[in-house]
$ cat target33.cif   # mmCIF, C-alpha atoms
data_my_file
loop_
_atom_site.label_atom_id
_atom_site.label_comp_id
_atom_site.auth_asym_id
_atom_site.auth_seq_id
_atom_site.Cartn_x
_atom_site.Cartn_y
_atom_site.Cartn_z
CA VAL A 10 -1.35 7.05 -17.99
CA ILE A 11 0.99 6.39 -15.08
CA MET A 12 4.50 5.19 -14.35
CA SER A 13 3.48 2.25 -12.17
CA THR A 14 5.87 1.75 -9.28
CA ASN A 15 6.46 -1.33 -7.15
CA ASN A 16 6.20 0.23 -3.70
CA LYS A 17 7.81 -2.81 -2.04
CA ALA A 18 10.85 -3.02 -4.34
CA ALA A 19 13.90 -1.13 -3.12
CA PRO A 20 14.65 1.72 -3.50
CA PHE A 21 11.05 2.55 -4.44
CA ASN A 22 9.85 1.51 -1.00
CA ASN A 23 11.31 4.86 0.10
CA LYS A 24 8.73 7.66 -0.20
CA LYS A 25 11.42 10.31 -0.72
CA VAL A 26 12.72 8.41 -3.75
CA ARG A 27 9.21 8.28 -5.23
CA GLN A 28 8.67 11.97 -4.51
CA ALA A 29 12.03 12.81 -6.10
CA MET A 30 10.96 11.05 -9.30
CA THR A 31 7.73 13.04 -9.33
CA TYR A 32 9.65 16.32 -9.10
CA ALA A 33 11.94 15.14 -11.93
CA ILE A 34 9.12 14.60 -14.43
CA ASP A 35 7.87 17.43 -16.64
CA ARG A 36 4.36 16.19 -17.42
CA GLN A 37 3.66 18.72 -20.17
CA THR A 38 6.82 17.74 -22.02
CA VAL A 39 5.79 14.09 -21.75
CA ILE A 40 2.42 15.00 -23.30
CA ASP A 41 4.10 17.06 -26.04
CA LEU A 42 6.56 14.32 -26.98
CA VAL A 43 4.33 11.28 -26.50
CA MET A 44 0.84 12.54 -27.39
CA PHE A 45 1.73 15.41 -29.77
CA GLY A 46 0.43 17.84 -27.16
CA TYR A 47 -2.97 16.18 -26.71
CA GLY A 48 -3.68 15.26 -23.11
CA THR A 49 -4.17 16.75 -19.65
CA PRO A 50 -1.56 16.55 -16.89
CA ILE A 51 -2.75 14.76 -13.74
CA GLY A 52 -1.40 14.82 -10.21
CA SER A 53 -3.19 11.78 -8.84
CA HIS A 54 -5.10 8.71 -10.00
CA TRP A 55 -8.23 10.46 -11.24
CA SER A 56 -9.18 11.82 -14.62
CA PRO A 57 -10.27 15.49 -14.88
CA SER A 58 -13.61 14.75 -16.57
CA PRO A 59 -15.58 12.75 -13.94
CA PRO A 60 -16.97 14.26 -10.70
CA TYR A 61 -14.86 14.60 -7.52
CA TYR A 62 -11.66 15.41 -9.43
CA VAL A 63 -9.10 17.44 -7.49
CA ASP A 64 -6.33 19.16 -9.45
CA LEU A 65 -3.13 18.15 -7.67
CA THR A 66 -0.71 18.86 -10.53
CA GLY A 67 0.79 21.75 -8.53
CA LYS A 68 1.74 19.50 -5.60
CA PHE A 69 4.91 18.23 -7.27
CA PRO A 70 5.86 20.78 -9.95
CA PHE A 71 8.79 20.09 -12.27
CA ALA A 72 11.75 20.87 -10.01
CA PRO A 73 14.89 18.81 -10.80
CA GLN A 74 17.00 20.45 -8.08
CA LYS A 75 14.39 19.60 -5.45
CA ALA A 76 14.39 16.06 -6.84
CA LYS A 77 18.17 15.77 -6.38
CA THR A 78 17.90 17.08 -2.81
CA LEU A 79 15.26 14.48 -1.93
CA LEU A 80 17.34 11.70 -3.51
CA ALA A 81 20.29 12.73 -1.35
CA GLU A 82 18.08 12.81 1.75
CA ALA A 83 16.89 9.30 0.87
CA GLY A 84 20.51 8.11 0.85
CA TYR A 85 21.16 8.23 -2.91
CA PRO A 86 23.26 11.37 -3.52
CA ASP A 87 24.73 9.77 -6.66
CA GLY A 88 21.45 8.27 -7.82
CA PHE A 89 21.01 4.57 -8.59
CA GLU A 90 20.26 2.10 -11.36
CA ALA A 91 16.87 0.46 -11.95
CA VAL A 92 14.86 -1.26 -14.66
CA ILE A 93 11.69 0.00 -16.33
CA LYS A 94 9.72 -2.70 -18.13
CA LEU A 95 7.64 -1.42 -21.03
CA PRO A 96 4.85 -3.41 -22.70
CA ALA A 97 5.62 -3.94 -26.39
CA ILE A 98 1.94 -3.77 -27.34
CA TYR A 99 1.48 -0.03 -26.62
CA SER A 100 3.57 2.52 -28.49
CA TYR A 101 2.56 5.32 -26.07
CA SER A 102 3.96 3.26 -23.16
CA ARG A 103 7.27 2.74 -24.93
CA ARG A 104 7.56 6.40 -25.95
CA ALA A 105 6.61 7.64 -22.48
CA GLY A 106 9.10 5.22 -20.95
CA GLU A 107 11.88 6.58 -23.13
CA VAL A 108 11.03 10.20 -22.28
CA ILE A 109 10.82 9.44 -18.55
CA THR A 110 14.13 7.56 -18.73
CA ASP A 111 15.81 10.72 -20.08
CA MET A 112 14.20 12.91 -17.40
CA LEU A 113 15.12 10.64 -14.50
CA GLY A 114 18.63 10.32 -15.90
CA GLU A 115 19.04 14.06 -15.34
CA ILE A 116 18.80 13.54 -11.57
CA GLY A 117 20.97 10.42 -11.48
CA ILE A 118 18.36 7.68 -11.72
CA ARG A 119 19.76 5.52 -14.50
CA LEU A 120 17.01 3.35 -15.98
CA LYS A 121 17.54 0.33 -18.18
CA ILE A 122 14.63 -0.17 -20.57
CA GLU A 123 13.31 -3.70 -21.01
CA ILE A 124 10.59 -4.30 -23.62
CA VAL A 125 8.25 -7.14 -22.64
CA GLU A 126 5.52 -8.89 -24.61
CA TRP A 127 1.97 -8.34 -23.36
CA GLY A 128 1.51 -11.88 -22.08
CA GLN A 129 4.75 -11.55 -20.12
CA TRP A 130 3.65 -8.15 -18.79
CA ILE A 131 0.42 -9.66 -17.45
CA GLU A 132 2.17 -12.70 -15.98
CA ARG A 133 5.39 -11.23 -14.61
CA ILE A 134 4.41 -7.67 -13.74
CA PHE A 135 0.67 -7.59 -13.08
CA LYS A 136 0.36 -11.02 -11.46
CA LYS A 137 3.78 -11.83 -10.00
CA LYS A 138 4.90 -8.21 -9.36
CA GLU A 139 8.36 -8.91 -10.77
CA TYR A 140 9.26 -5.33 -11.61
CA GLN A 141 10.50 -1.99 -10.29
CA LEU A 142 8.87 0.43 -12.74
CA THR A 143 6.57 0.08 -15.73
CA MET A 144 4.40 2.33 -17.88
CA ILE A 145 0.71 1.71 -18.59
CA GLY A 146 -2.67 3.34 -19.05
CA HIS A 147 -5.38 2.57 -16.50
CA VAL A 148 -8.66 3.00 -18.33
CA GLU A 149 -11.21 1.79 -15.77
CA ALA A 150 -13.42 4.68 -14.65
CA ARG A 151 -13.03 5.80 -11.04
CA ASP A 152 -10.76 2.86 -10.23
CA ILE A 153 -9.00 4.60 -7.35
CA GLY A 154 -10.12 1.71 -5.15
CA ILE A 155 -7.21 -0.36 -6.48
CA TYR A 156 -5.02 1.57 -4.01
CA ALA A 157 -7.00 0.02 -1.15
CA ASP A 158 -5.71 -3.43 -2.13
CA PRO A 159 -2.18 -4.06 -0.74
CA ASP A 160 -1.87 -7.09 -3.02
CA TYR A 161 -2.48 -5.08 -6.21
CA TYR A 162 0.61 -4.89 -8.38
CA PHE A 163 1.66 -1.47 -6.97
CA GLN A 164 1.93 -3.21 -3.56
CA TYR A 165 0.87 0.01 -1.83
CA ASP A 166 -0.24 -0.54 1.76
CA SER A 167 -1.87 2.46 3.46
CA PRO A 168 -4.39 2.11 6.31
CA GLU A 169 -5.08 5.85 5.97
CA PHE A 170 -6.04 5.43 2.32
CA ARG A 171 -8.23 2.40 3.02
CA GLN A 172 -10.09 4.33 5.71
CA ALA A 173 -10.65 7.34 3.43
CA TYR A 174 -11.82 5.09 0.59
CA ALA A 175 -14.27 3.27 2.86
CA LYS A 176 -15.69 6.63 3.97
CA ALA A 177 -16.03 7.73 0.34
CA LEU A 178 -18.00 4.57 -0.47
CA SER A 179 -20.30 4.96 2.54
CA ALA A 180 -20.81 8.73 2.16
CA ARG A 181 -24.44 9.82 2.60
CA ASN A 182 -24.43 12.69 0.13
CA GLU A 183 -22.51 14.19 -2.78
CA SER A 184 -20.53 16.73 -0.76
CA GLU A 185 -19.34 14.04 1.65
CA LYS A 186 -18.47 11.79 -1.27
CA ALA A 187 -16.51 14.59 -2.94
CA GLU A 188 -14.66 15.30 0.31
CA TRP A 189 -13.52 11.72 0.83
CA PHE A 190 -12.73 10.94 -2.80
CA GLY A 191 -10.74 14.17 -2.79
CA ARG A 192 -8.88 12.99 0.30
CA CYS A 193 -8.13 9.67 -1.43
CA GLN A 194 -6.54 11.55 -4.32
CA GLU A 195 -4.49 13.68 -1.92
CA ILE A 196 -3.13 10.69 0.03
CA ILE A 197 -1.77 8.82 -2.98
CA ALA A 198 -0.41 12.04 -4.48
CA GLU A 199 1.46 12.86 -1.25
CA ASP A 200 2.79 9.29 -1.06
CA ALA A 201 3.82 9.53 -4.74
CA VAL A 202 2.61 5.95 -5.13
CA ASN A 203 3.04 6.15 -8.91
CA GLY A 204 4.23 8.68 -11.44
CA PHE A 205 0.89 10.26 -12.32
CA LEU A 206 1.39 11.61 -15.85
CA PHE A 207 -1.61 12.50 -18.01
CA SER A 208 -5.15 11.76 -19.03
CA ALA A 209 -5.49 10.99 -22.73
CA PRO A 210 -7.91 13.14 -24.76
#
$ encode --input "target33.cif" --output "structure tokens"
Amino acid sequence: VIMSTNNKAAPFNNKKVRQAMTYAIDRQTVIDLVMFGYGTPIGSHWSPSPPYYVDLTGKFPFAPQKAKTLLAEAGYPDGFEAVIKLPAIYSYSRRAGEVITDMLGEIGIRLKIEIVEWGQWIERIFKKKEYQLTMIGHVEARDIGIYADPDYYFQYDSPEFRQAYAKALSARNESEKAEWFGRCQEIIAEDAVNGFLFSAP
């Protein structure tokens, strides 16, 4: 489950803003309030159960003061307003969106919640990329390759990631594969492409 972020929509095209949001989110509290405590925090787009998982949850620990500092460095000392569009079909998405809205509000990011029907979510957000933030579960196994597609709805464009992903796919053995898939996880975690929240039980 991630807070999907449109990396081309201002101010989320600023890496420091995305990193600030990551510091502002207490993943365990999200799990407690949304999933009744059942779930595992994640720090990148990879679930803990399959091979090649790297635990990156310590990279951006819950640190609201650090989040405020980064926001100021990004040019938003007083925060800003934005819209998070939540799909009506999934109660976990709506609940997580509400919890995240409270957390980001603490550092000055004032989110307006917009509930959208599933068909509208697919058309407007997934296809047309008409959004700033949304909340959704990505259930496809080992789908980290979506970050290699600049036209995917995150609109994340990283030559470094594409190179690492290509090397992971062409790796000749398991240790090489683990190394490059690990690097893929590290790159998108460092870039705070999305708000990586938790893996459902």
$ closest_residue --input "target33.cif" --among "A:Pro168, A:Pro60, A:Pro73, A:Pro96" --to "Tyr32 of chain A" --atoms "all atoms listed in the file"
A:Pro73
$ atom_distance --input "target33.cif" --atom1 "atom CA of Tyr99 of chain A" --atom2 "atom CA of Gly114 of chain A"
22.7 Å
$ closest_residue --input "target33.cif" --among "A:Asp152, A:Asp87, A:Asp41, A:Asp200" --to "Glu169 of chain A" --atoms "all atoms listed in the file"
A:Asp200
$ resolve_selection --input "target33.cif" --expression "the PyMOL selection byres ((chain A and resi 176) around 12)" --output "count of residues only"
23
$ atom_distance --input "target33.cif" --atom1 "atom CA of Met12 of chain A" --atom2 "atom CA of Met144 of chain A"
4.5 Å
$ resolve_selection --input "target33.cif" --expression "the PyMOL selection byres ((chain A and resi 164) around 9)" --output "PyMOL selection string"
chain A and resi 14-18+138+156+158-163+165-166
$ closest_residue --input "target33.cif" --among "A:Ile109, A:Ser102, A:Phe207, A:Val92" --to "Ala19 of chain A" --atoms "only C-alpha atoms"
A:Val92
$ residues_around --input "target33.cif" --residues "Arg36 of chain A" --least-positions-apart "2" --cutoff "6 Å" --atoms "all atoms listed in the file" --output "PyMOL selection string"
chain A and resi 34+38-39+50+206
$ write_last_selection --input "target33.cif" --atoms "C-alpha atoms" --output "mmCIF file, keeping the file's coordinate frame"
data_model
loop_
_atom_site.group_PDB
_atom_site.id
_atom_site.type_symbol
_atom_site.label_atom_id
_atom_site.label_comp_id
_atom_site.auth_asym_id
_atom_site.auth_seq_id
_atom_site.Cartn_x
_atom_site.Cartn_y
_atom_site.Cartn_z
ATOM 1 C CA ILE A 34 9.120 14.600 -14.430
ATOM 2 C CA THR A 38 6.820 17.740 -22.020
ATOM 3 C CA VAL A 39 5.790 14.090 -21.750
ATOM 4 C CA PRO A 50 -1.560 16.550 -16.890
ATOM 5 C CA LEU A 206 1.390 11.610 -15.850
#
$ closest_residue --input "target33.cif" --among "A:Ala29, A:Ile98, A:Leu65, A:Ile93" --to "Leu79 of chain A" --atoms "only C-alpha atoms"
A:Ala29
$ closest_residue --input "target33.cif" --among "A:Lys24, A:Lys77, A:Lys137, A:Lys68" --to "Ile118 of chain A" --atoms "all atoms listed in the file"
A:Lys77
$ decode --input "target33.cif" --residues "segment 108-119 of chain A" --atoms "all heavy atoms" --output "PDB file, in the first residue's frame"
ATOM      1  N   VAL A 108      -5.800   9.239   7.625  1.00  0.00           N
ATOM      2  CA  VAL A 108      -4.719   9.226   8.613  1.00  0.00           C
ATOM      3  C   VAL A 108      -3.524  10.029   8.103  1.00  0.00           C
ATOM      4  O   VAL A 108      -2.946  10.850   8.829  1.00  0.00           O
ATOM      5  CB  VAL A 108      -4.299   7.768   8.939  1.00  0.00           C
ATOM      6  CG1 VAL A 108      -3.041   7.740   9.813  1.00  0.00           C
ATOM      7  CG2 VAL A 108      -5.433   7.031   9.640  1.00  0.00           C
ATOM      8  N   ILE A 109      -3.165   9.810   6.844  1.00  0.00           N
ATOM      9  CA  ILE A 109      -2.039  10.535   6.240  1.00  0.00           C
ATOM     10  C   ILE A 109      -2.330  12.036   6.181  1.00  0.00           C
ATOM     11  O   ILE A 109      -1.443  12.866   6.414  1.00  0.00           O
ATOM     12  CB  ILE A 109      -1.758  10.009   4.813  1.00  0.00           C
ATOM     13  CG1 ILE A 109      -1.302   8.541   4.848  1.00  0.00           C
ATOM     14  CG2 ILE A 109      -0.737  10.882   4.086  1.00  0.00           C
ATOM     15  CD1 ILE A 109       0.061   8.302   5.418  1.00  0.00           C
ATOM     16  N   THR A 110      -3.567  12.396   5.885  1.00  0.00           N
ATOM     17  CA  THR A 110      -3.955  13.801   5.842  1.00  0.00           C
ATOM     18  C   THR A 110      -3.695  14.475   7.193  1.00  0.00           C
ATOM     19  O   THR A 110      -3.168  15.590   7.256  1.00  0.00           O
ATOM     20  CB  THR A 110      -5.439  13.941   5.441  1.00  0.00           C
ATOM     21  OG1 THR A 110      -5.592  13.488   4.090  1.00  0.00           O
ATOM     22  CG2 THR A 110      -5.921  15.386   5.535  1.00  0.00           C
ATOM     23  N   ASP A 111      -4.037  13.796   8.279  1.00  0.00           N
ATOM     24  CA  ASP A 111      -3.769  14.329   9.626  1.00  0.00           C
ATOM     25  C   ASP A 111      -2.272  14.485   9.861  1.00  0.00           C
ATOM     26  O   ASP A 111      -1.816  15.506  10.386  1.00  0.00           O
ATOM     27  CB  ASP A 111      -4.362  13.404  10.695  1.00  0.00           C
ATOM     28  CG  ASP A 111      -5.874  13.546  10.801  1.00  0.00           C
ATOM     29  OD1 ASP A 111      -6.412  14.550  10.275  1.00  0.00           O
ATOM     30  OD2 ASP A 111      -6.518  12.672  11.402  1.00  0.00           O
ATOM     31  N   MET A 112      -1.498  13.462   9.482  1.00  0.00           N
ATOM     32  CA  MET A 112      -0.052  13.490   9.719  1.00  0.00           C
ATOM     33  C   MET A 112       0.626  14.600   8.925  1.00  0.00           C
ATOM     34  O   MET A 112       1.472  15.326   9.455  1.00  0.00           O
ATOM     35  CB  MET A 112       0.563  12.132   9.362  1.00  0.00           C
ATOM     36  CG  MET A 112       0.210  11.034  10.330  1.00  0.00           C
ATOM     37  SD  MET A 112       0.914   9.441   9.836  1.00  0.00           S
ATOM     38  CE  MET A 112       0.381   8.417  11.226  1.00  0.00           C
ATOM     39  N   LEU A 113       0.268  14.739   7.658  1.00  0.00           N
ATOM     40  CA  LEU A 113       0.893  15.774   6.835  1.00  0.00           C
ATOM     41  C   LEU A 113       0.451  17.169   7.281  1.00  0.00           C
ATOM     42  O   LEU A 113       1.200  18.136   7.157  1.00  0.00           O
ATOM     43  CB  LEU A 113       0.579  15.547   5.359  1.00  0.00           C
ATOM     44  CG  LEU A 113       1.181  14.272   4.742  1.00  0.00           C
ATOM     45  CD1 LEU A 113       0.864  14.192   3.253  1.00  0.00           C
ATOM     46  CD2 LEU A 113       2.684  14.189   4.960  1.00  0.00           C
ATOM     47  N   GLY A 114      -0.761  17.249   7.817  1.00  0.00           N
ATOM     48  CA  GLY A 114      -1.241  18.521   8.342  1.00  0.00           C
ATOM     49  C   GLY A 114      -0.365  19.037   9.474  1.00  0.00           C
ATOM     50  O   GLY A 114      -0.221  20.253   9.665  1.00  0.00           O
ATOM     51  N   GLU A 115       0.242  18.118  10.217  1.00  0.00           N
ATOM     52  CA  GLU A 115       1.103  18.495  11.342  1.00  0.00           C
ATOM     53  C   GLU A 115       2.360  19.231  10.884  1.00  0.00           C
ATOM     54  O   GLU A 115       2.976  19.954  11.662  1.00  0.00           O
ATOM     55  CB  GLU A 115       1.503  17.250  12.142  1.00  0.00           C
ATOM     56  CG  GLU A 115       0.365  16.585  12.902  1.00  0.00           C
ATOM     57  CD  GLU A 115      -0.171  17.466  14.015  1.00  0.00           C
ATOM     58  OE1 GLU A 115       0.640  18.071  14.741  1.00  0.00           O
ATOM     59  OE2 GLU A 115      -1.413  17.561  14.144  1.00  0.00           O
ATOM     60  N   ILE A 116       2.756  19.040   9.628  1.00  0.00           N
ATOM     61  CA  ILE A 116       3.958  19.750   9.140  1.00  0.00           C
ATOM     62  C   ILE A 116       3.593  20.873   8.168  1.00  0.00           C
ATOM     63  O   ILE A 116       4.458  21.468   7.538  1.00  0.00           O
ATOM     64  CB  ILE A 116       4.984  18.781   8.492  1.00  0.00           C
ATOM     65  CG1 ILE A 116       4.427  18.148   7.208  1.00  0.00           C
ATOM     66  CG2 ILE A 116       5.437  17.726   9.493  1.00  0.00           C
ATOM     67  CD1 ILE A 116       5.496  17.545   6.305  1.00  0.00           C
ATOM     68  N   GLY A 117       2.290  21.149   8.044  1.00  0.00           N
ATOM     69  CA  GLY A 117       1.863  22.276   7.221  1.00  0.00           C
ATOM     70  C   GLY A 117       1.383  21.933   5.828  1.00  0.00           C
ATOM     71  O   GLY A 117       1.030  22.820   5.052  1.00  0.00           O
ATOM     72  N   ILE A 118       1.366  20.645   5.492  1.00  0.00           N
ATOM     73  CA  ILE A 118       0.818  20.240   4.190  1.00  0.00           C
ATOM     74  C   ILE A 118      -0.673  19.980   4.384  1.00  0.00           C
ATOM     75  O   ILE A 118      -1.067  19.006   5.023  1.00  0.00           O
ATOM     76  CB  ILE A 118       1.532  18.992   3.631  1.00  0.00           C
ATOM     77  CG1 ILE A 118       3.022  19.286   3.399  1.00  0.00           C
ATOM     78  CG2 ILE A 118       0.869  18.543   2.329  1.00  0.00           C
ATOM     79  CD1 ILE A 118       3.823  18.097   2.917  1.00  0.00           C
ATOM     80  N   ARG A 119      -1.474  20.896   3.863  1.00  0.00           N
ATOM     81  CA  ARG A 119      -2.912  20.845   4.100  1.00  0.00           C
ATOM     82  C   ARG A 119      -3.598  20.157   2.908  1.00  0.00           C
ATOM     83  O   ARG A 119      -3.687  20.736   1.814  1.00  0.00           O
ATOM     84  CB  ARG A 119      -3.449  22.267   4.299  1.00  0.00           C
ATOM     85  CG  ARG A 119      -2.797  22.953   5.495  1.00  0.00           C
ATOM     86  CD  ARG A 119      -3.117  24.435   5.600  1.00  0.00           C
ATOM     87  NE  ARG A 119      -2.598  25.239   4.502  1.00  0.00           N
ATOM     88  CZ  ARG A 119      -1.321  25.645   4.405  1.00  0.00           C
ATOM     89  NH1 ARG A 119      -0.436  25.302   5.343  1.00  0.00           N
ATOM     90  NH2 ARG A 119      -0.930  26.373   3.371  1.00  0.00           N
TER      91      ARG A 119
END
